[in-house]
$ cat model_1.csv   # CSV, C-alpha atoms
chain,number,residue,atom,x,y,z
A,127,MET,CA,-80.0,11.2,-17.8
A,128,ILE,CA,-76.8,12.6,-16.3
A,129,ARG,CA,-78.4,12.6,-12.9
A,130,ARG,CA,-79.4,8.9,-13.3
A,131,ALA,CA,-75.8,8.1,-14.4
A,132,LEU,CA,-74.4,9.9,-11.3
A,133,ARG,CA,-76.8,8.1,-9.0
A,134,ARG,CA,-75.8,4.7,-10.5
A,135,LEU,CA,-72.1,5.5,-10.0
A,136,ARG,CA,-72.6,6.5,-6.4
A,137,SER,CA,-74.5,3.3,-5.7
A,138,ASP,CA,-72.1,1.0,-7.6
A,139,GLU,CA,-70.2,-1.0,-4.9
A,140,SER,CA,-68.8,-3.7,-7.2
A,141,GLY,CA,-65.1,-2.6,-6.5
A,142,LEU,CA,-62.1,-3.6,-8.6
A,143,SER,CA,-62.3,-6.4,-11.0
A,144,LEU,CA,-59.9,-9.4,-10.9
A,145,THR,CA,-58.1,-8.0,-14.0
A,146,GLU,CA,-57.6,-4.7,-12.4
A,147,LEU,CA,-56.2,-6.3,-9.2
A,148,LEU,CA,-53.7,-8.4,-11.2
A,149,VAL,CA,-52.6,-5.3,-13.2
A,150,SER,CA,-52.1,-3.4,-9.9
A,151,ALA,CA,-50.2,-6.2,-8.3
A,152,THR,CA,-47.9,-6.6,-11.4
A,153,LEU,CA,-47.1,-2.9,-11.5
A,154,SER,CA,-46.3,-2.9,-7.7
A,155,LEU,CA,-44.0,-5.8,-8.1
A,156,LEU,CA,-42.2,-4.2,-11.0
A,157,ILE,CA,-41.8,-1.0,-9.0
A,158,LEU,CA,-40.4,-2.9,-6.0
A,159,ALA,CA,-38.0,-4.8,-8.3
A,160,MET,CA,-36.7,-1.6,-9.8
A,161,ILE,CA,-36.2,-0.1,-6.3
A,162,GLY,CA,-34.5,-3.2,-5.1
A,163,SER,CA,-32.2,-3.4,-8.1
A,164,PHE,CA,-31.3,0.3,-7.7
A,165,PHE,CA,-30.5,-0.2,-4.0
A,166,ILE,CA,-28.3,-3.3,-4.6
A,167,SER,CA,-26.4,-1.5,-7.4
A,168,THR,CA,-25.8,1.6,-5.2
A,169,ALA,CA,-24.6,-0.6,-2.3
A,170,LYS,CA,-22.2,-2.5,-4.6
A,171,LEU,CA,-20.8,0.8,-6.0
A,172,THR,CA,-20.4,2.2,-2.5
A,173,ALA,CA,-18.6,-1.0,-1.3
A,174,ASN,CA,-16.3,-1.0,-4.3
A,175,SER,CA,-15.5,2.7,-3.9
A,176,THR,CA,-14.7,2.1,-0.2
A,177,GLU,CA,-12.5,-0.9,-0.9
A,178,THR,CA,-10.6,1.0,-3.6
A,179,THR,CA,-10.1,4.0,-1.3
A,180,ASN,CA,-8.8,1.9,1.5
A,181,SER,CA,-6.4,0.0,-0.8
A,182,THR,CA,-5.2,3.3,-2.3
A,183,ASN,CA,-4.6,4.8,1.2
A,184,ASP,CA,-2.7,1.8,2.3
A,185,ALA,CA,-0.5,1.6,-0.9
A,186,ALA,CA,0.2,5.4,-0.8
A,187,ASN,CA,1.1,5.3,2.9
A,188,ILE,CA,3.5,2.4,2.5
A,189,ALA,CA,5.1,3.7,-0.7
A,190,ASN,CA,5.5,7.2,0.6
A,191,GLU,CA,7.2,6.1,3.9
A,192,ILE,CA,9.6,3.7,2.3
A,193,THR,CA,10.5,6.2,-0.4
A,194,SER,CA,11.2,9.0,2.0
A,195,VAL,CA,13.5,6.7,4.1
A,196,VAL,CA,15.4,5.2,1.1
A,197,ARG,CA,15.9,8.6,-0.6
A,198,VAL,CA,18.1,9.8,2.3
A,199,ALA,CA,20.0,6.5,2.8
A,200,THR,CA,23.6,6.9,4.0
A,201,THR,CA,26.7,4.8,4.6
A,202,LEU,CA,27.9,4.3,8.1
A,203,ALA,CA,31.5,5.1,9.0
A,204,LYS,CA,33.1,2.8,11.5
A,205,SER,CA,36.1,3.0,13.7
A,206,GLY,CA,39.1,1.2,12.3
A,207,GLN,CA,37.6,0.8,8.9
A,208,ALA,CA,38.9,2.6,5.8
A,209,LEU,CA,35.6,2.1,4.0
A,210,PRO,CA,32.2,2.7,5.6
A,211,ASP,CA,29.5,0.0,5.8
A,212,PRO,CA,27.1,0.1,2.9
A,213,ALA,CA,23.8,1.9,3.3
A,214,ILE,CA,21.9,-1.3,3.0
A,215,VAL,CA,22.3,-3.5,6.0
A,216,SER,CA,20.2,-6.4,4.5
A,217,GLY,CA,17.8,-6.7,1.6
A,218,THR,CA,15.5,-9.4,0.2
A,219,ARG,CA,12.6,-9.2,-2.2
A,220,GLU,CA,10.1,-8.4,0.6
A,221,SER,CA,12.3,-6.9,3.4
A,222,LEU,CA,14.8,-4.1,3.7
A,223,THR,CA,17.0,-2.7,6.5
A,224,ILE,CA,18.9,0.5,5.7
A,225,TYR,CA,20.8,3.3,7.3
A,226,SER,CA,19.1,6.6,6.7
A,227,LEU,CA,19.1,10.2,7.7
A,228,SER,CA,15.3,10.2,7.9
A,229,ASN,CA,13.8,12.7,10.4
A,230,THR,CA,17.2,13.6,11.7
A,231,ASP,CA,18.4,16.8,13.4
A,232,ALA,CA,19.9,19.2,10.8
A,233,ASP,CA,22.4,20.6,13.3
A,234,ASN,CA,23.5,17.2,14.5
A,235,PRO,CA,22.5,14.6,11.8
A,236,ALA,CA,22.4,11.2,13.3
A,237,PRO,CA,21.5,8.1,11.2
A,238,VAL,CA,18.8,5.7,12.1
A,239,LYS,CA,18.5,2.0,11.1
A,240,VAL,CA,15.1,1.4,9.6
A,241,SER,CA,13.7,-2.0,8.8
A,242,PHE,CA,10.7,-2.7,6.5
A,243,SER,CA,9.2,-6.2,6.6
A,244,ILE,CA,6.0,-8.0,5.6
A,245,ASN,CA,4.4,-10.1,8.3
A,246,ALA,CA,2.5,-13.4,7.8
A,247,ASP,CA,-0.7,-11.5,7.5
A,248,ARG,CA,0.7,-9.4,4.6
A,249,THR,CA,1.1,-6.3,6.7
A,250,VAL,CA,4.0,-3.9,6.3
A,251,THR,CA,5.7,-2.8,9.5
A,252,GLU,CA,8.5,-0.3,10.0
A,253,THR,CA,11.0,-0.6,12.9
A,254,ARG,CA,13.4,2.2,13.7
A,255,CYS,CA,16.6,1.9,15.7
A,256,THR,CA,18.3,5.1,17.0
A,257,ALA,CA,22.1,5.3,17.0
A,258,THR,CA,24.4,6.2,19.8
A,259,SER,CA,27.5,8.3,19.6
A,260,SER,CA,30.8,6.6,20.5
A,261,GLY,CA,34.3,8.0,19.9
A,262,GLY,CA,33.1,10.2,17.1
A,263,PHE,CA,31.2,7.4,15.3
A,264,TRP,CA,27.6,6.3,15.3
A,265,THR,CA,26.9,2.8,16.4
A,266,PHE,CA,23.9,0.5,16.6
A,267,GLY,CA,25.3,-2.2,18.9
A,268,THR,CA,22.4,-1.8,21.2
A,269,CYS,CA,19.7,0.5,19.9
A,270,ALA,CA,19.2,3.6,22.1
A,271,ALA,CA,15.5,3.5,21.2
A,272,THR,CA,13.3,1.2,19.1
A,273,SER,CA,9.9,1.9,17.7
A,274,THR,CA,7.7,-0.2,15.5
A,275,ARG,CA,4.6,0.9,13.6
A,276,ARG,CA,2.2,-0.6,11.1
A,277,LEU,CA,2.3,1.2,7.7
A,278,GLY,CA,-0.5,-0.7,5.9
A,279,GLY,CA,-1.8,-4.2,5.1
A,280,ASN,CA,-3.3,-6.4,2.4
A,281,ILE,CA,0.0,-6.7,0.4
A,282,MET,CA,-0.5,-9.0,-2.6
A,283,PRO,CA,1.5,-12.2,-2.4
A,284,LEU,CA,4.5,-12.6,-4.7
A,285,THR,CA,4.0,-14.3,-8.1
A,286,GLY,CA,7.5,-13.7,-9.5
A,287,THR,CA,10.1,-11.1,-9.7
A,288,SER,CA,8.0,-8.4,-11.4
A,289,ASP,CA,5.9,-7.8,-8.4
A,290,GLN,CA,8.5,-8.0,-5.6
A,291,MET,CA,8.4,-5.1,-3.2
A,292,PHE,CA,12.2,-4.3,-3.5
A,293,THR,CA,14.2,-4.6,-6.7
A,294,TYR,CA,17.9,-3.5,-6.3
A,295,LEU,CA,19.7,-1.8,-9.2
A,296,THR,CA,23.3,-1.1,-9.9
A,297,SER,CA,24.6,2.3,-11.1
A,298,THR,CA,23.9,1.2,-14.7
A,299,GLY,CA,20.3,0.3,-13.8
A,300,THR,CA,20.9,-3.4,-13.9
A,301,PRO,CA,18.7,-5.4,-11.5
A,302,ILE,CA,20.7,-7.5,-9.0
A,303,LEU,CA,19.3,-11.0,-9.0
A,304,ILE,CA,18.9,-12.5,-5.5
A,305,GLY,CA,16.2,-15.1,-6.0
A,306,ALA,CA,14.6,-16.1,-2.7
A,307,GLY,CA,17.8,-15.1,-0.9
A,308,SER,CA,19.3,-11.8,0.2
A,309,LEU,CA,21.9,-9.4,-1.0
A,310,THR,CA,25.5,-10.4,-0.3
A,311,ALA,CA,27.9,-7.9,1.3
A,312,ALA,CA,29.5,-7.2,-2.1
A,313,GLN,CA,26.1,-6.7,-3.7
A,314,ARG,CA,24.9,-4.3,-0.9
A,315,ALA,CA,27.8,-2.0,-1.7
A,316,THR,CA,26.8,-1.7,-5.4
A,317,VAL,CA,23.1,-0.8,-4.9
A,318,ALA,CA,22.6,2.6,-6.4
A,319,SER,CA,18.8,2.7,-6.6
A,320,ILE,CA,15.8,0.7,-5.4
A,321,VAL,CA,12.5,0.1,-7.2
A,322,VAL,CA,9.8,0.1,-4.5
A,323,TYR,CA,6.7,-1.8,-5.8
A,324,VAL,CA,3.6,-1.8,-3.6
A,325,SER,CA,0.5,-3.8,-4.6
A,326,VAL,CA,-2.5,-3.7,-2.3
A,327,LYS,CA,-5.8,-5.5,-2.5
A,328,ALA,CA,-8.2,-6.0,0.4
A,329,THR,CA,-9.1,-9.6,1.2
A,330,GLY,CA,-12.3,-10.5,-0.6
A,331,SER,CA,-12.3,-7.2,-2.5
A,332,ARG,CA,-14.1,-7.2,-5.9
A,333,THR,CA,-12.0,-4.4,-7.2
A,334,GLN,CA,-8.5,-4.6,-8.9
A,335,GLN,CA,-5.4,-4.2,-6.7
A,336,VAL,CA,-3.9,-0.7,-6.4
A,337,VAL,CA,-0.2,-0.6,-7.5
A,338,ILE,CA,2.3,2.1,-6.8
A,339,SER,CA,5.9,1.7,-8.2
A,340,ASN,CA,8.7,4.2,-7.7
A,341,LYS,CA,12.4,4.1,-8.5
A,342,VAL,CA,14.3,5.7,-5.7
A,343,VAL,CA,17.9,6.8,-6.2
A,344,LEU,CA,20.2,6.6,-3.2
A,345,GLY,CA,21.5,10.1,-3.9
A,346,ASN,CA,23.7,10.5,-0.9
A,347,LEU,CA,25.9,7.6,-2.1
A,348,GLY,CA,26.9,9.1,-5.5
A,349,LEU,CA,26.7,5.8,-7.2
A,350,ASP,CA,23.8,6.2,-9.7
A,351,SER,CA,24.7,7.2,-13.3
A,352,SER,CA,21.5,6.2,-15.0
A,353,SER,CA,18.8,8.7,-16.1
$ encode --input "model_1.csv" --output "structure tokens"
Amino acid sequence: MIRRALRRLRSDESGLSLTELLVSATLSLLILAMIGSFFISTAKLTANSTETTNSTNDAANIANEITSVVRVATTLAKSGQALPDPAIVSGTRESLTIYSLSNTDADNPAPVKVSFSINADRTVTETRCTATSSGGFWTFGTCAATSTRRLGGNIMPLTGTSDQMFTYLTSTGTPILIGAGSLTAAQRATVASIVVYVSVKATGSRTQQVVISNKVVLGNLGLDSSS
């Protein structure tokens, strides 16, 4: 009997039934759908991670450079003036020009005039102007050398005062209100610290913006008395 059954199986050429084909096709479609869903999820996670990393790198680079320059801000003595010029040359909510001892020679410290600004494409640029020595004073009438470099892009647009890039504080920690204008000469002389707020989000990014905020004391000026 076993032999007859084996012979019958060998000679059976009926193939798969329609039900078996439908089951096989359904299982194949389910497997392909699972693979496709996994691939799409992995691609989204990778894209989000890359966007966050790029935003973090831009924010950190911008904040670190501005902080390092502002921390060593200095006033500028001028011939014929009893009082030096304030460390801040000009300041708005999204731009700052400041005298600083950034990257100077320890044996012959010379100030530089550094400007930070946000371009129309929301890119932060830094421009440096080197001083020249004249009669024992440093001057910036005509910059001895000027260099400009891009620090990072994708700065979020302003929505109010809480997210402006530069907030200027007095020695008591009181914010100086300037609205859409700039610091007056009297206000520039009273700035003791600056809050640097950097908010970056790549265009079209599906992730949240990356925010870095630092309060930087202008220690060389001896004005800050807040903790």
$ closest_residue --input "model_1.csv" --among "A:Leu347, A:Leu303, A:Val322, A:Ala257" --to "Ile192 (chain A)" --atoms "only C-alpha atoms"
A:Val322
$ atom_distance --input "model_1.csv" --atom1 "CA of Ala312 (chain A)" --atom2 "CA of Thr230 (chain A)"
27.8 Å
$ atom_distance --input "model_1.csv" --atom1 "CA of Leu277 (chain A)" --atom2 "CA of Arg248 (chain A)"
11.2 Å
$ atom_distance --input "model_1.csv" --atom1 "CA of Val336 (chain A)" --atom2 "CA of Thr251 (chain A)"
18.7 Å
$ closest_residue --input "model_1.csv" --among "A:Leu202, A:Thr296, A:Val240, A:Leu153" --to "Ser221 (chain A)" --atoms "only C-alpha atoms"
A:Val240
$ closest_residue --input "model_1.csv" --among "A:Val326, A:Leu148, A:Val198, A:Val250" --to "Asn346 (chain A)" --atoms "all atoms listed in the file"
A:Val198
$ axis_aligned_box --input "model_1.csv" --around "region 272-286 of chain A" --padding-each-side "4 Å" --output "AutoDock Vina command-line options"
--center_x 5.0 --center_y -6.2 --center_z 4.8 --size_x 24.6 --size_y 24.2 --size_z 36.6
$ closest_residue --input "model_1.csv" --among "A:Val324, A:Ser319, A:Gly305, A:Ala311" --to "Thr182 (chain A)" --atoms "all atoms listed in the file"
A:Val324
$ closest_residue --input "model_1.csv" --among "A:Ser273, A:Val343, A:Gly278, A:Gln335" --to "Asn187 (chain A)" --atoms "all atoms listed in the file"
A:Gly278
$ residues_near_point --input "model_1.csv" --point "(18.4, 11.0, 18.0)" --cutoff "12 Å" --atoms "only C-alpha atoms" --output "number ranges by chain"
A: 227-239, 254-259, 264-266, 269-272
$ closest_residue --input "model_1.csv" --among "A:Leu295, A:Leu155, A:Glu220, A:Thr310" --to "Tyr323 (chain A)" --atoms "all atoms listed in the file"
A:Glu220
$ residues_near_point --input "model_1.csv" --point "(20.8, -6.2, 0.3)" --cutoff "10 Å" --atoms "all atoms listed in the file" --output "PyMOL selection string"
chain A and resi 212-219+221-224+292-294+302+304+307-317
$ write_last_selection --input "model_1.csv" --atoms "C-alpha atoms" --output "PDB file, keeping the file's coordinate frame"
ATOM      1  CA  PRO A 212      27.100   0.100   2.900  1.00  0.00           C
ATOM      2  CA  ALA A 213      23.800   1.900   3.300  1.00  0.00           C
ATOM      3  CA  ILE A 214      21.900  -1.300   3.000  1.00  0.00           C
ATOM      4  CA  VAL A 215      22.300  -3.500   6.000  1.00  0.00           C
ATOM      5  CA  SER A 216      20.200  -6.400   4.500  1.00  0.00           C
ATOM      6  CA  GLY A 217      17.800  -6.700   1.600  1.00  0.00           C
ATOM      7  CA  THR A 218      15.500  -9.400   0.200  1.00  0.00           C
ATOM      8  CA  ARG A 219      12.600  -9.200  -2.200  1.00  0.00           C
ATOM      9  CA  SER A 221      12.300  -6.900   3.400  1.00  0.00           C
ATOM     10  CA  LEU A 222      14.800  -4.100   3.700  1.00  0.00           C
ATOM     11  CA  THR A 223      17.000  -2.700   6.500  1.00  0.00           C
ATOM     12  CA  ILE A 224      18.900   0.500   5.700  1.00  0.00           C
ATOM     13  CA  PHE A 292      12.200  -4.300  -3.500  1.00  0.00           C
ATOM     14  CA  THR A 293      14.200  -4.600  -6.700  1.00  0.00           C
ATOM     15  CA  TYR A 294      17.900  -3.500  -6.300  1.00  0.00           C
ATOM     16  CA  ILE A 302      20.700  -7.500  -9.000  1.00  0.00           C
ATOM     17  CA  ILE A 304      18.900 -12.500  -5.500  1.00  0.00           C
ATOM     18  CA  GLY A 307      17.800 -15.100  -0.900  1.00  0.00           C
ATOM     19  CA  SER A 308      19.300 -11.800   0.200  1.00  0.00           C
ATOM     20  CA  LEU A 309      21.900  -9.400  -1.000  1.00  0.00           C
ATOM     21  CA  THR A 310      25.500 -10.400  -0.300  1.00  0.00           C
ATOM     22  CA  ALA A 311      27.900  -7.900   1.300  1.00  0.00           C
ATOM     23  CA  ALA A 312      29.500  -7.200  -2.100  1.00  0.00           C
ATOM     24  CA  GLN A 313      26.100  -6.700  -3.700  1.00  0.00           C
ATOM     25  CA  ARG A 314      24.900  -4.300  -0.900  1.00  0.00           C
ATOM     26  CA  ALA A 315      27.800  -2.000  -1.700  1.00  0.00           C
ATOM     27  CA  THR A 316      26.800  -1.700  -5.400  1.00  0.00           C
ATOM     28  CA  VAL A 317      23.100  -0.800  -4.900  1.00  0.00           C
TER      29      VAL A 317
END
$ closest_atom_pairs --input "model_1.csv" --of "region 267-310 of chain A" --to "region 243-246 of chain A" --cutoff "12 Å" --atoms "only C-alpha atoms" --output "CSV"
residue,atom,partner,partner_atom,distance
A:Thr274,CA,A:Ser243,CA,10.8
A:Arg275,CA,A:Ser243,CA,11.0
A:Arg276,CA,A:Ile244,CA,10.0
A:Leu277,CA,A:Ile244,CA,10.1
A:Gly278,CA,A:Ile244,CA,9.8
A:Gly279,CA,A:Ile244,CA,8.7
A:Asn280,CA,A:Ile244,CA,10.0
A:Ile281,CA,A:Ile244,CA,8.0
A:Met282,CA,A:Ile244,CA,10.5
A:Pro283,CA,A:Ile244,CA,10.1
A:Leu284,CA,A:Ile244,CA,11.4
A:Gln290,CA,A:Ile244,CA,11.5
A:Met291,CA,A:Ile244,CA,9.6
A:Phe292,CA,A:Ser243,CA,10.7
